[in-house]
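K.L.:
Input structure: final-v4.pdb, which contains PDB, C-alpha atoms.
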ATOM      1  CA  MET A   1      -0.534   9.907  13.180  1.00  0.00           C
ATOM      2  CA  LEU A   2       0.567   6.417  14.130  1.00  0.00           C
ATOM      3  CA  ILE A   3       1.854   3.751  11.727  1.00  0.00           C
ATOM      4  CA  ARG A   4       1.600   0.171  12.964  1.00  0.00           C
ATOM      5  CA  PRO A   5       1.160  -3.384  11.652  1.00  0.00           C
ATOM      6  CA  VAL A   6      -2.324  -4.470  10.613  1.00  0.00           C
ATOM      7  CA  LYS A   7      -4.113  -6.685  13.161  1.00  0.00           C
ATOM      8  CA  PRO A   8      -7.137  -8.990  12.751  1.00  0.00           C
ATOM      9  CA  GLU A   9      -9.189  -6.639  14.923  1.00  0.00           C
ATOM     10  CA  ASP A  10      -8.743  -3.969  12.230  1.00  0.00           C
ATOM     11  CA  ALA A  11     -11.443  -5.666  10.127  1.00  0.00           C
ATOM     12  CA  GLU A  12     -14.283  -3.325  11.110  1.00  0.00           C
ATOM     13  CA  PRO A  13     -12.144  -0.136  11.006  1.00  0.00           C
ATOM     14  CA  MET A  14     -10.778  -1.258   7.605  1.00  0.00           C
ATOM     15  CA  LYS A  15     -14.331  -1.732   6.330  1.00  0.00           C
ATOM     16  CA  ASP A  16     -15.261   1.755   7.583  1.00  0.00           C
ATOM     17  CA  PHE A  17     -12.111   3.203   5.972  1.00  0.00           C
ATOM     18  CA  PHE A  18     -12.909   1.565   2.622  1.00  0.00           C
ATOM     19  CA  GLU A  19     -16.539   2.764   2.645  1.00  0.00           C
ATOM     20  CA  LYS A  20     -15.384   6.401   2.904  1.00  0.00           C
ATOM     21  CA  LEU A  21     -13.015   6.196  -0.084  1.00  0.00           C
ATOM     22  CA  SER A  22     -14.102   7.866  -3.306  1.00  0.00           C
ATOM     23  CA  SER A  23     -14.915   5.641  -6.263  1.00  0.00           C
ATOM     24  CA  GLN A  24     -11.867   7.114  -8.051  1.00  0.00           C
ATOM     25  CA  THR A  25      -9.509   6.168  -5.186  1.00  0.00           C
ATOM     26  CA  VAL A  26     -10.936   2.629  -5.103  1.00  0.00           C
ATOM     27  CA  TYR A  27     -10.561   2.313  -8.877  1.00  0.00           C
ATOM     28  CA  LEU A  28      -6.942   3.521  -8.811  1.00  0.00           C
ATOM     29  CA  ARG A  29      -6.116   0.941  -6.107  1.00  0.00           C
ATOM     30  CA  PHE A  30      -8.038  -2.110  -7.393  1.00  0.00           C
ATOM     31  CA  PHE A  31      -8.258  -1.247 -11.140  1.00  0.00           C
ATOM     32  CA  THR A  32     -11.972  -1.959 -11.014  1.00  0.00           C
ATOM     33  CA  PRO A  33     -14.973  -0.297  -9.378  1.00  0.00           C
ATOM     34  CA  LEU A  34     -15.844  -1.883  -6.034  1.00  0.00           C
ATOM     35  CA  LYS A  35     -18.779  -0.840  -3.895  1.00  0.00           C
ATOM     36  CA  GLN A  36     -17.687  -2.774  -0.819  1.00  0.00           C
ATOM     37  CA  LEU A  37     -15.062  -5.205   0.412  1.00  0.00           C
ATOM     38  CA  SER A  38     -16.122  -8.824   0.303  1.00  0.00           C
ATOM     39  CA  LYS A  39     -15.628 -10.878   3.456  1.00  0.00           C
ATOM     40  CA  ARG A  40     -12.744 -12.677   1.698  1.00  0.00           C
ATOM     41  CA  MET A  41     -11.051  -9.375   0.784  1.00  0.00           C
ATOM     42  CA  LEU A  42     -11.491  -8.045   4.310  1.00  0.00           C
ATOM     43  CA  ILE A  43      -9.834 -11.182   5.692  1.00  0.00           C
ATOM     44  CA  GLN A  44      -6.941 -10.801   3.221  1.00  0.00           C
ATOM     45  CA  LEU A  45      -6.482  -7.168   4.255  1.00  0.00           C
ATOM     46  CA  THR A  46      -6.496  -7.795   8.018  1.00  0.00           C
ATOM     47  CA  GLN A  47      -5.352 -11.343   8.770  1.00  0.00           C
ATOM     48  CA  ILE A  48      -1.714 -11.088   7.815  1.00  0.00           C
ATOM     49  CA  ASP A  49       0.916 -13.811   7.665  1.00  0.00           C
ATOM     50  CA  TYR A  50       3.938 -11.670   8.426  1.00  0.00           C
ATOM     51  CA  ASP A  51       6.250 -14.363   7.047  1.00  0.00           C
ATOM     52  CA  ARG A  52       4.721 -13.692   3.608  1.00  0.00           C
ATOM     53  CA  GLU A  53       3.849 -10.022   3.649  1.00  0.00           C
ATOM     54  CA  VAL A  54       4.175  -6.715   5.450  1.00  0.00           C
ATOM     55  CA  ALA A  55       0.975  -4.747   6.024  1.00  0.00           C
ATOM     56  CA  LEU A  56       0.748  -1.439   7.862  1.00  0.00           C
ATOM     57  CA  VAL A  57      -1.993   1.041   8.677  1.00  0.00           C
ATOM     58  CA  ALA A  58      -1.799   4.744   9.398  1.00  0.00           C
ATOM     59  CA  LEU A  59      -4.093   5.927  12.164  1.00  0.00           C
ATOM     60  CA  PHE A  60      -4.948   9.498  12.958  1.00  0.00           C
ATOM     61  CA  SER A  61      -5.740   9.036  16.610  1.00  0.00           C
ATOM     62  CA  ALA A  62      -5.798  12.497  18.114  1.00  0.00           C
ATOM     63  CA  GLN A  63      -8.869  13.851  16.344  1.00  0.00           C
ATOM     64  CA  SER A  64     -10.610  10.877  14.755  1.00  0.00           C
ATOM     65  CA  GLY A  65     -10.668   8.194  17.439  1.00  0.00           C
ATOM     66  CA  GLY A  66      -7.901   6.109  15.915  1.00  0.00           C
ATOM     67  CA  LYS A  67      -9.580   5.688  12.541  1.00  0.00           C
ATOM     68  CA  ILE A  68      -7.593   4.193   9.693  1.00  0.00           C
ATOM     69  CA  ILE A  69      -6.537   6.844   7.177  1.00  0.00           C
ATOM     70  CA  GLY A  70      -4.208   4.694   5.093  1.00  0.00           C
ATOM     71  CA  SER A  71      -2.933   1.210   4.455  1.00  0.00           C
ATOM     72  CA  ALA A  72       0.098  -0.170   2.643  1.00  0.00           C
ATOM     73  CA  ARG A  73       1.438  -3.645   2.073  1.00  0.00           C
ATOM     74  CA  ILE A  74       4.115  -5.614   0.320  1.00  0.00           C
ATOM     75  CA  ILE A  75       3.236  -9.204  -0.549  1.00  0.00           C
ATOM     76  CA  PHE A  76       6.288 -11.411  -0.975  1.00  0.00           C
ATOM     77  CA  THR A  77       6.652 -13.576  -4.067  1.00  0.00           C
ATOM     78  CA  ALA A  78       7.435 -17.292  -3.790  1.00  0.00           C
ATOM     79  CA  SER A  79      11.132 -16.575  -4.372  1.00  0.00           C
ATOM     80  CA  GLY A  80      11.301 -14.640  -1.108  1.00  0.00           C
ATOM     81  CA  THR A  81      13.461 -11.955  -2.712  1.00  0.00           C
ATOM     82  CA  GLU A  82      10.751  -9.806  -4.313  1.00  0.00           C
ATOM     83  CA  GLY A  83       7.443  -8.341  -3.290  1.00  0.00           C
ATOM     84  CA  GLU A  84       4.537  -6.404  -4.748  1.00  0.00           C
ATOM     85  CA  PHE A  85       3.396  -3.207  -3.051  1.00  0.00           C
ATOM     86  CA  ALA A  86      -0.027  -1.594  -2.787  1.00  0.00           C
ATOM     87  CA  ILE A  87      -1.269   1.529  -1.006  1.00  0.00           C
ATOM     88  CA  MET A  88      -4.708   2.921  -0.122  1.00  0.00           C
ATOM     89  CA  LEU A  89      -5.058   6.372   1.379  1.00  0.00           C
ATOM     90  CA  ALA A  90      -8.145   8.315   2.468  1.00  0.00           C
ATOM     91  CA  ASP A  91      -8.954  11.000  -0.080  1.00  0.00           C
ATOM     92  CA  SER A  92      -8.572  13.886   2.369  1.00  0.00           C
ATOM     93  CA  TRP A  93      -5.110  12.649   3.415  1.00  0.00           C
ATOM     94  CA  GLN A  94      -3.618  12.227  -0.057  1.00  0.00           C
ATOM     95  CA  GLY A  95      -0.660  14.416  -0.947  1.00  0.00           C
ATOM     96  CA  LYS A  96       0.356  15.000   2.697  1.00  0.00           C
ATOM     97  CA  GLY A  97       3.261  12.547   2.976  1.00  0.00           C
ATOM     98  CA  ILE A  98       1.361   9.711   4.635  1.00  0.00           C
ATOM     99  CA  GLY A  99       1.571   7.430   1.602  1.00  0.00           C
ATOM    100  CA  ALA A 100       5.327   8.036   1.479  1.00  0.00           C
ATOM    101  CA  ALA A 101       5.685   7.260   5.193  1.00  0.00           C
ATOM    102  CA  LEU A 102       3.673   4.048   4.827  1.00  0.00           C
ATOM    103  CA  LEU A 103       5.561   2.883   1.749  1.00  0.00           C
ATOM    104  CA  LYS A 104       8.992   3.732   3.215  1.00  0.00           C
ATOM    105  CA  SER A 105       8.129   1.780   6.357  1.00  0.00           C
ATOM    106  CA  CYS A 106       6.944  -1.202   4.289  1.00  0.00           C
ATOM    107  CA  LEU A 107      10.144  -1.081   2.237  1.00  0.00           C
ATOM    108  CA  ALA A 108      12.263  -0.999   5.418  1.00  0.00           C
ATOM    109  CA  PHE A 109      10.444  -4.002   6.911  1.00  0.00           C
ATOM    110  CA  SER A 110      10.710  -5.861   3.596  1.00  0.00           C
ATOM    111  CA  LYS A 111      14.444  -5.252   3.468  1.00  0.00           C
ATOM    112  CA  ARG A 112      14.731  -6.745   6.976  1.00  0.00           C
ATOM    113  CA  TYR A 113      12.888  -9.804   5.686  1.00  0.00           C
ATOM    114  CA  GLY A 114      15.510 -10.195   2.961  1.00  0.00           C
ATOM    115  CA  LEU A 115      13.671  -8.787  -0.034  1.00  0.00           C
ATOM    116  CA  LYS A 116      15.912  -7.323  -2.695  1.00  0.00           C
ATOM    117  CA  ARG A 117      13.346  -5.813  -5.055  1.00  0.00           C
ATOM    118  CA  VAL A 118       9.838  -4.398  -4.765  1.00  0.00           C
ATOM    119  CA  PHE A 119       7.465  -3.763  -7.637  1.00  0.00           C
ATOM    120  CA  GLY A 120       3.932  -2.620  -8.255  1.00  0.00           C
ATOM    121  CA  VAL A 121       1.572  -1.904 -11.096  1.00  0.00           C
ATOM    122  CA  VAL A 122      -0.053   1.519 -11.276  1.00  0.00           C
ATOM    123  CA  LEU A 123      -2.536   2.955 -13.720  1.00  0.00           C
ATOM    124  CA  ARG A 124      -1.034   5.656 -15.919  1.00  0.00           C
ATOM    125  CA  GLU A 125      -3.702   8.106 -14.677  1.00  0.00           C
ATOM    126  CA  ASN A 126      -2.604   7.678 -11.036  1.00  0.00           C
ATOM    127  CA  ARG A 127      -0.369  10.747 -11.109  1.00  0.00           C
ATOM    128  CA  GLN A 128      -0.027  11.079  -7.331  1.00  0.00           C
ATOM    129  CA  MET A 129       1.328   7.540  -7.014  1.00  0.00           C
ATOM    130  CA  LEU A 130       3.686   8.101  -9.937  1.00  0.00           C
ATOM    131  CA  ARG A 131       5.034  11.283  -8.285  1.00  0.00           C
ATOM    132  CA  LEU A 132       5.463   9.471  -4.967  1.00  0.00           C
ATOM    133  CA  THR A 133       7.339   6.558  -6.492  1.00  0.00           C
ATOM    134  CA  ASP A 134       9.497   8.947  -8.541  1.00  0.00           C
ATOM    135  CA  LYS A 135      10.557  10.662  -5.312  1.00  0.00           C
ATOM    136  CA  LEU A 136      11.407   7.312  -3.717  1.00  0.00           C
ATOM    137  CA  GLY A 137      13.518   6.203  -6.688  1.00  0.00           C
ATOM    138  CA  PHE A 138      11.297   3.631  -8.394  1.00  0.00           C
ATOM    139  CA  LYS A 139      12.047   2.934 -12.055  1.00  0.00           C
ATOM    140  CA  LYS A 140       9.201   2.731 -14.588  1.00  0.00           C
ATOM    141  CA  ALA A 141       8.562   0.077 -17.208  1.00  0.00           C
ATOM    142  CA  SER A 142       5.619   0.173 -19.596  1.00  0.00           C
ATOM    143  CA  SER A 143       4.581  -0.077 -23.177  1.00  0.00           C
ATOM    144  CA  PRO A 144       2.977   2.951 -24.848  1.00  0.00           C
ATOM    145  CA  ALA A 145      -0.143   0.919 -25.624  1.00  0.00           C
ATOM    146  CA  SER A 146      -0.692  -0.096 -21.992  1.00  0.00           C
ATOM    147  CA  ASN A 147      -2.643   1.871 -19.408  1.00  0.00           C
ATOM    148  CA  GLU A 148      -0.497   0.259 -16.687  1.00  0.00           C
ATOM    149  CA  ILE A 149       3.002   1.156 -15.552  1.00  0.00           C
ATOM    150  CA  GLU A 150       5.191  -1.279 -13.646  1.00  0.00           C
ATOM    151  CA  LEU A 151       7.243   0.377 -10.924  1.00  0.00           C
ATOM    152  CA  ILE A 152      10.392  -1.329  -9.637  1.00  0.00           C
ATOM    153  CA  ILE A 153      12.891  -0.488  -6.906  1.00  0.00           C
ATOM    154  CA  ASP A 154      15.962  -2.369  -5.729  1.00  0.00           C
ATOM    155  CA  ILE A 155      15.949  -2.028  -1.949  1.00  0.00           C
ATOM    156  CA  GLU A 156      19.187  -3.873  -1.150  1.00  0.00           C
ATOM    157  CA  LYS A 157      21.330  -0.745  -1.207  1.00  0.00           C
ATOM    158  CA  LEU A 158      18.773   1.775   0.008  1.00  0.00           C
ATOM    159  CA  ASP A 159      19.245   3.326   3.426  1.00  0.00           C
ATOM    160  CA  LEU A 160      15.813   2.626   4.867  1.00  0.00           C
ATOM    161  CA  TYR A 161      14.503   3.032   8.379  1.00  0.00           C
ATOM    162  CA  ILE A 162      11.199   2.318  10.033  1.00  0.00           C
ATOM    163  CA  LEU A 163       9.199   5.391  11.011  1.00  0.00           C
TER     164      LEU A 163
END
What would you get if you wrote out this structure as structure tokens?
P.N.:
Amino acid sequence: MLIRPVKPEDAEPMKDFFEKLSSQTVYLRFFTPLKQLSKRMLIQLTQIDYDREVALVALFSAQSGGKIIGSARIIFTASGTEGEFAIMLADSWQGKGIGAALLKSCLAFSKRYGLKRVFGVVLRENRQMLRLTDKLGFKKASSPASNEIELIIDIEKLDLYIL
């Protein structure tokens, strides 16, 4: 597996990656059913302004021709001290540590960019993501009536490194 920054030429591989995701995985990532990525979404996912966000892909190159098996990003807020994370991982690769590797790498890059805090919103039913963020030290905030949980981590004092 190789983790590297997203490049504009990842548009077609990203489209292929998305098309192989289960409807449940897509729903847990986007909070809505999507059949395909719009051209606008594909541009947002692959044409990255690295002054405003960190976006990485995981490639499994040895046996699948360098196909994308995961993607993670942290989009910086206007303050420049916070960012919102998101992860997508191929169904067959979930639960194998790749999401953790992607998110840890994104957190490390974000810390280098001066971010102090990272947050994300996860559906309550997304148990794998909740377990992952628990392991990494994210704190949870939610109301009992909400189906969404906000996850927050202060990265200033974390000992992070890029994989």
K.L.:
Run through the PyMOL selection byres ((chain A and resi 16-26) around 8) on the given coordinates and return the selected residues as a list in words.
P.N.:
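Here the PyMOL selection byres ((chain A and resi 16-26) around 8) matches Glu12, Pro13, Met14, Lys15, Tyr27, Leu28, Arg29, Phe30, Phe31, Thr32, Pro33, Leu34, Lys35, Gln36, Leu37, Lys67, Ile68, Ile69, Met88, Leu89, Ala90 and Asp91 of chain A.
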K.L.:
Expressed in Å to a single decimal, how great is the separation between CA of Gly137 (chain A) and CA of Ser79 (chain A)?
P.N.:
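So the two atoms, CA of Gly137 (chain A) and CA of Ser79 (chain A), lie 23.0 Å apart.
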K.L.:
List the spatial neighbours of region 73-76 of chain A as a ChimeraX atom specification - criterion: any atom at most 12 Å away, only C-alpha atoms, same-chain residues fewer than 6 positions off excluded.
P.N.:
/A:4-6,44-46,48-58,82-89,99,102-111,113-120
K.L.:
Pick from A:Ser38, A:Leu2, A:Ala100, A:Val121: nearest to Gly66 (chain A), with only C-alpha atoms counted?
P.N.:
A:Leu2
K.L.:
Can you tell me how far CA of Ile98 (chain A) sits from CA of Ala141 (chain A), in Å to one decimal?
P.N.:
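Pair CA of Ile98 (chain A) / CA of Ala141 (chain A) returns 24.9 Å.
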K.L.:
Could you please determine the separation between CA of Arg112 (chain A) and CA of Thr81 (chain A) in Å, to one decimal place?
P.N.:
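For CA of Arg112 (chain A) relative to CA of Thr81 (chain A), the distance reads 11.1 Å.
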K.L.:
Using only C-alpha atoms, which of A:Leu59, A:Ile149, A:Ala72, A:Ala11 sits nearest Leu42 (chain A)?
P.N.:
A:Ala11
K.L.:
Starting from 8 Å padding per side, set up an axis-aligned box that covers all listed atoms of region 119-132 of chain A and hand over centre and edge lengths in Å, one decimal, as AutoDock Vina command-line options.
P.N.:
--center_x 1.9 --center_y 3.8 --center_z -10.4 --size_x 27.2 --size_y 31.0 --size_z 27.0
